[in-house]
Structures are given as structure tokens and as C-alpha cells.
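protein06.cif follows (mmCIF, C-alpha atoms):
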data_data
loop_
_atom_site.label_atom_id
_atom_site.label_comp_id
_atom_site.auth_asym_id
_atom_site.auth_seq_id
_atom_site.Cartn_x
_atom_site.Cartn_y
_atom_site.Cartn_z
CA MET H 1 -58.06 53.01 42.94
CA LYS H 2 -55.77 55.61 44.52
CA LYS H 3 -53.12 52.94 45.10
CA ILE H 4 -53.10 52.00 41.43
CA ILE H 5 -52.76 55.63 40.34
CA LEU H 6 -49.87 56.20 42.78
CA LEU H 7 -48.18 53.01 41.56
CA LEU H 8 -48.46 54.13 37.96
CA LEU H 9 -47.03 57.56 38.84
CA PHE H 10 -43.95 56.20 40.62
CA LEU H 11 -43.28 53.21 38.37
CA PRO H 12 -41.51 55.25 35.64
CA LEU H 13 -39.22 56.84 38.25
CA SER H 14 -38.07 53.46 39.53
CA ILE H 15 -37.40 52.26 35.99
CA LEU H 16 -35.24 55.31 35.18
CA ALA H 17 -33.04 55.09 38.27
CA GLN H 18 -31.76 51.55 38.00
CA GLN H 19 -29.04 51.50 40.60
CA ILE H 20 -26.96 48.35 40.70
CA THR H 21 -24.19 47.23 43.01
CA VAL H 22 -20.99 46.67 41.06
CA LYS H 23 -18.32 44.50 42.62
CA GLY H 24 -15.05 43.15 41.36
CA THR H 25 -11.30 42.99 41.83
CA VAL H 26 -8.54 45.22 40.47
CA PHE H 27 -5.42 43.48 39.13
CA GLU H 28 -2.03 44.70 37.95
CA SER H 29 -1.18 43.74 34.38
CA GLY H 30 1.89 41.57 33.92
CA THR H 31 1.90 40.15 37.44
CA SER H 32 -1.85 39.58 37.89
CA GLN H 33 -1.46 40.62 41.53
CA THR H 34 -4.35 42.41 43.20
CA LEU H 35 -4.00 46.15 43.79
CA PRO H 36 -5.07 47.59 47.15
CA GLY H 37 -5.96 51.28 47.42
CA VAL H 38 -7.10 51.88 43.83
CA ASN H 39 -9.33 54.96 43.59
CA ILE H 40 -12.66 54.23 41.89
CA LEU H 41 -14.89 57.21 41.05
CA ILE H 42 -18.13 57.62 39.16
CA LYS H 43 -17.13 59.90 36.27
CA GLY H 44 -18.34 63.47 36.65
CA THR H 45 -19.02 63.11 40.38
CA THR H 46 -17.14 62.98 43.65
CA ILE H 47 -18.78 59.68 44.56
CA GLY H 48 -16.37 56.80 44.81
CA THR H 49 -14.59 54.15 46.80
CA SER H 50 -11.19 52.46 47.09
CA SER H 51 -10.24 48.84 46.58
CA GLY H 52 -9.55 46.85 49.73
CA LEU H 53 -6.40 45.00 50.78
CA ASP H 54 -7.33 42.10 48.49
CA GLY H 55 -8.04 44.44 45.54
CA SER H 56 -11.81 44.02 45.81
CA TYR H 57 -14.28 46.89 45.52
CA LEU H 58 -18.03 47.48 45.85
CA ILE H 59 -19.91 50.54 44.60
CA ASN H 60 -23.54 51.47 43.87
CA VAL H 61 -24.00 53.09 40.44
CA GLU H 62 -26.59 53.55 37.74
CA LYS H 63 -26.32 51.10 34.88
CA GLY H 64 -24.48 52.77 32.00
CA ALA H 65 -22.41 55.05 34.26
CA THR H 66 -18.65 55.27 33.73
CA LEU H 67 -16.24 54.20 36.48
CA VAL H 68 -12.76 55.77 36.56
CA PHE H 69 -9.99 53.60 38.07
CA SER H 70 -6.75 55.35 39.08
CA PHE H 71 -3.66 54.22 40.97
CA ILE H 72 -0.15 55.66 41.42
CA GLY H 73 2.12 54.18 38.78
CA SER H 74 -0.76 52.93 36.63
CA GLN H 75 -2.65 54.35 33.68
CA THR H 76 -6.13 55.67 34.48
CA LYS H 77 -8.85 53.44 33.04
CA GLU H 78 -12.48 54.32 32.32
CA ILE H 79 -15.05 51.53 32.05
CA VAL H 80 -18.78 51.76 31.31
CA VAL H 81 -20.88 49.72 33.75
CA THR H 82 -22.58 46.88 31.90
CA SER H 83 -22.90 44.24 34.61
CA SER H 84 -22.72 43.81 38.37
CA ASN H 85 -19.41 41.86 38.27
CA MET H 86 -16.47 43.73 36.77
CA ASP H 87 -12.84 42.73 37.25
CA VAL H 88 -10.35 45.34 36.04
CA ILE H 89 -6.71 45.09 34.92
CA LEU H 90 -4.64 48.28 35.21
CA GLU H 91 -1.61 48.80 32.98
CA SER H 92 1.51 50.10 34.72
CA SER H 93 2.88 53.45 33.63
CA ILE H 94 6.27 54.54 34.90
CA SER H 95 5.91 57.88 33.11
CA ASN H 96 3.25 58.89 35.68
CA LEU H 97 5.91 58.91 38.41
CA ASN H 98 7.83 62.17 38.21
CA GLU H 99 9.27 62.55 41.66
CA VAL H 100 8.43 61.20 45.11
CA ILE H 101 9.68 62.63 48.39
CA VAL H 102 9.63 60.12 51.23
CA ASN H 103 9.90 61.45 54.75
CA ALA H 104 10.03 59.68 58.09
CA GLY H 105 7.03 61.55 59.50
CA TYR H 106 3.45 61.83 58.38
CA PHE H 107 3.51 65.45 57.32
CA ASP H 108 4.19 67.60 54.26
CA ILE H 109 7.71 68.90 53.83
CA ASN H 110 9.14 71.54 51.50
CA LYS H 111 12.41 70.86 49.69
CA LYS H 112 14.00 73.93 51.30
CA ASP H 113 13.20 72.53 54.76
CA LEU H 114 14.80 69.13 54.13
CA SER H 115 17.89 68.21 56.09
CA GLY H 116 19.99 65.11 56.32
CA SER H 117 20.57 62.57 53.61
CA ILE H 118 18.56 63.16 50.46
CA THR H 119 18.24 61.03 47.35
CA GLN H 120 16.23 62.05 44.32
CA LEU H 121 14.83 59.46 41.91
CA GLN H 122 13.05 60.32 38.69
CA ALA H 123 11.10 58.19 36.22
CA LYS H 124 14.13 57.76 33.93
CA ASP H 125 16.11 56.33 36.88
CA LEU H 126 13.40 53.73 37.49
CA GLU H 127 13.32 52.71 33.83
CA LYS H 128 16.97 51.60 34.15
CA VAL H 129 16.00 49.08 36.83
#

Starting from the file, lay out its structure as C-alpha cells.
Amino acid sequence: MKKIILLLLFLPLSILAQQITVKGTVFESGTSQTLPGVNILIKGTTIGTSSGLDGSYLINVEKGATLVFSFIGSQTKEIVVTSSNMDVILESSISNLNEVIVNAGYFDINKKDLSGSITQLQAKDLEKV
């Protein structure tokens, strides 16, 4: 009898927290190429993952949660989880690229500390290409 009572007490909790594993692939619009390194976060949390080299991702979420997909040079996209298989297409957005400083090392550099040959590209320069 105690087992039945315990089962009835915990059954509603398991129904409320329906975690599902969502998997899919992230593609770039226009080229339909896969995008590696896309940031995928559960909206309102710090829980997330990144897409792999082949653009695939896997994340555990509650059904009905919102996933936020973001990638440099692409528009951020929010999608409500409705199924366990979700492929996503991200639209490119050149306006998100203001300025990028590329250095030979793997460290932060201030503009005042730069030396040598410097080229500056802005979004309007890329639109000409």
C-alpha cells in the first residue's frame, strides 16, 4: 500500500518535468552549408551547447522551452521546442559585424598597443564584396 501512495505522490512531478533530448543540425541560409560553433542556449538560463563541426547539436530541455541560436554574422533565432528533431536555418546578417581585429597570437590586444601593418574593415566594406 505504501508503494502505491508513493507512486501517486511522485507521478505528478514526473509528468510536469518532461525533459526531452533535442537534436538537429544548423544550416546557413542561401548556401545550405552546416554551421559549426553555433551557440545554442535555453532562453532565460545559462544552460546551452554549441553545434559540432558538422553543424549538429544535442541538448536536454523541457518541452515548450525556447532555444536561442546565435552565430557571428547571423541573425539570432529563437525557436520553441515542439519535437525532438529540430533542424535550424540561420539567416546571415552583415550588419552584425561592426569591426574585427585579427591578431597573430591568442590574446586580447588594445588598438593603442598595435604595431605593424594594420587594416580596418567595417560592415559597409564587406557589403561591397

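CA of Lys77 (chain H) is found 8.8 Å from CA of Ile89 (chain H).
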
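Applied to the file shown here, the PyMOL selection byres ((chain H and resi 27) around 10) selects H:Gly24, H:Thr25, H:Val26, H:Glu28, H:Ser29, H:Gly30, H:Thr31, H:Ser32, H:Gln33, H:Thr34, H:Leu35, H:Pro36, H:Val38, H:Asp54, H:Gly55, H:Ser56, H:Asp87, H:Val88, H:Ile89, H:Leu90, H:Glu91.
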
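Here CA of Glu62 (chain H) and CA of Asn39 (chain H) stand 18.3 Å from one another.
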
If we count all atoms listed in the file, what is near region 40-48 of chain H at a cut-off of 8 Å, once residues fewer than 2 positions away on the same chain are taken out, given as a PyMOL selection string?
chain H and resi 38+50-51+59+61+65-70

Saved selection, atoms kept: C-alpha atoms, as an mmCIF file, keeping the file's coordinate frame:
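See part_31.cif below for the written result:
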data_model
loop_
_atom_site.group_PDB
_atom_site.id
_atom_site.type_symbol
_atom_site.label_atom_id
_atom_site.label_comp_id
_atom_site.auth_asym_id
_atom_site.auth_seq_id
_atom_site.Cartn_x
_atom_site.Cartn_y
_atom_site.Cartn_z
ATOM 1 C CA VAL H 38 -7.100 51.880 43.830
ATOM 2 C CA SER H 50 -11.190 52.460 47.090
ATOM 3 C CA SER H 51 -10.240 48.840 46.580
ATOM 4 C CA ILE H 59 -19.910 50.540 44.600
ATOM 5 C CA VAL H 61 -24.000 53.090 40.440
ATOM 6 C CA ALA H 65 -22.410 55.050 34.260
ATOM 7 C CA THR H 66 -18.650 55.270 33.730
ATOM 8 C CA LEU H 67 -16.240 54.200 36.480
ATOM 9 C CA VAL H 68 -12.760 55.770 36.560
ATOM 10 C CA PHE H 69 -9.990 53.600 38.070
ATOM 11 C CA SER H 70 -6.750 55.350 39.080
#

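A straight line drawn from CA of Val22 (chain H) to CA of Ile72 (chain H) is 22.7 Å long.
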
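For the choices H:Leu58, H:Thr21, H:Lys124, H:Lys63, the atom-to-atom distance to Ile79 (chain H) is smallest for H:Lys63 when using only C-alpha atoms.
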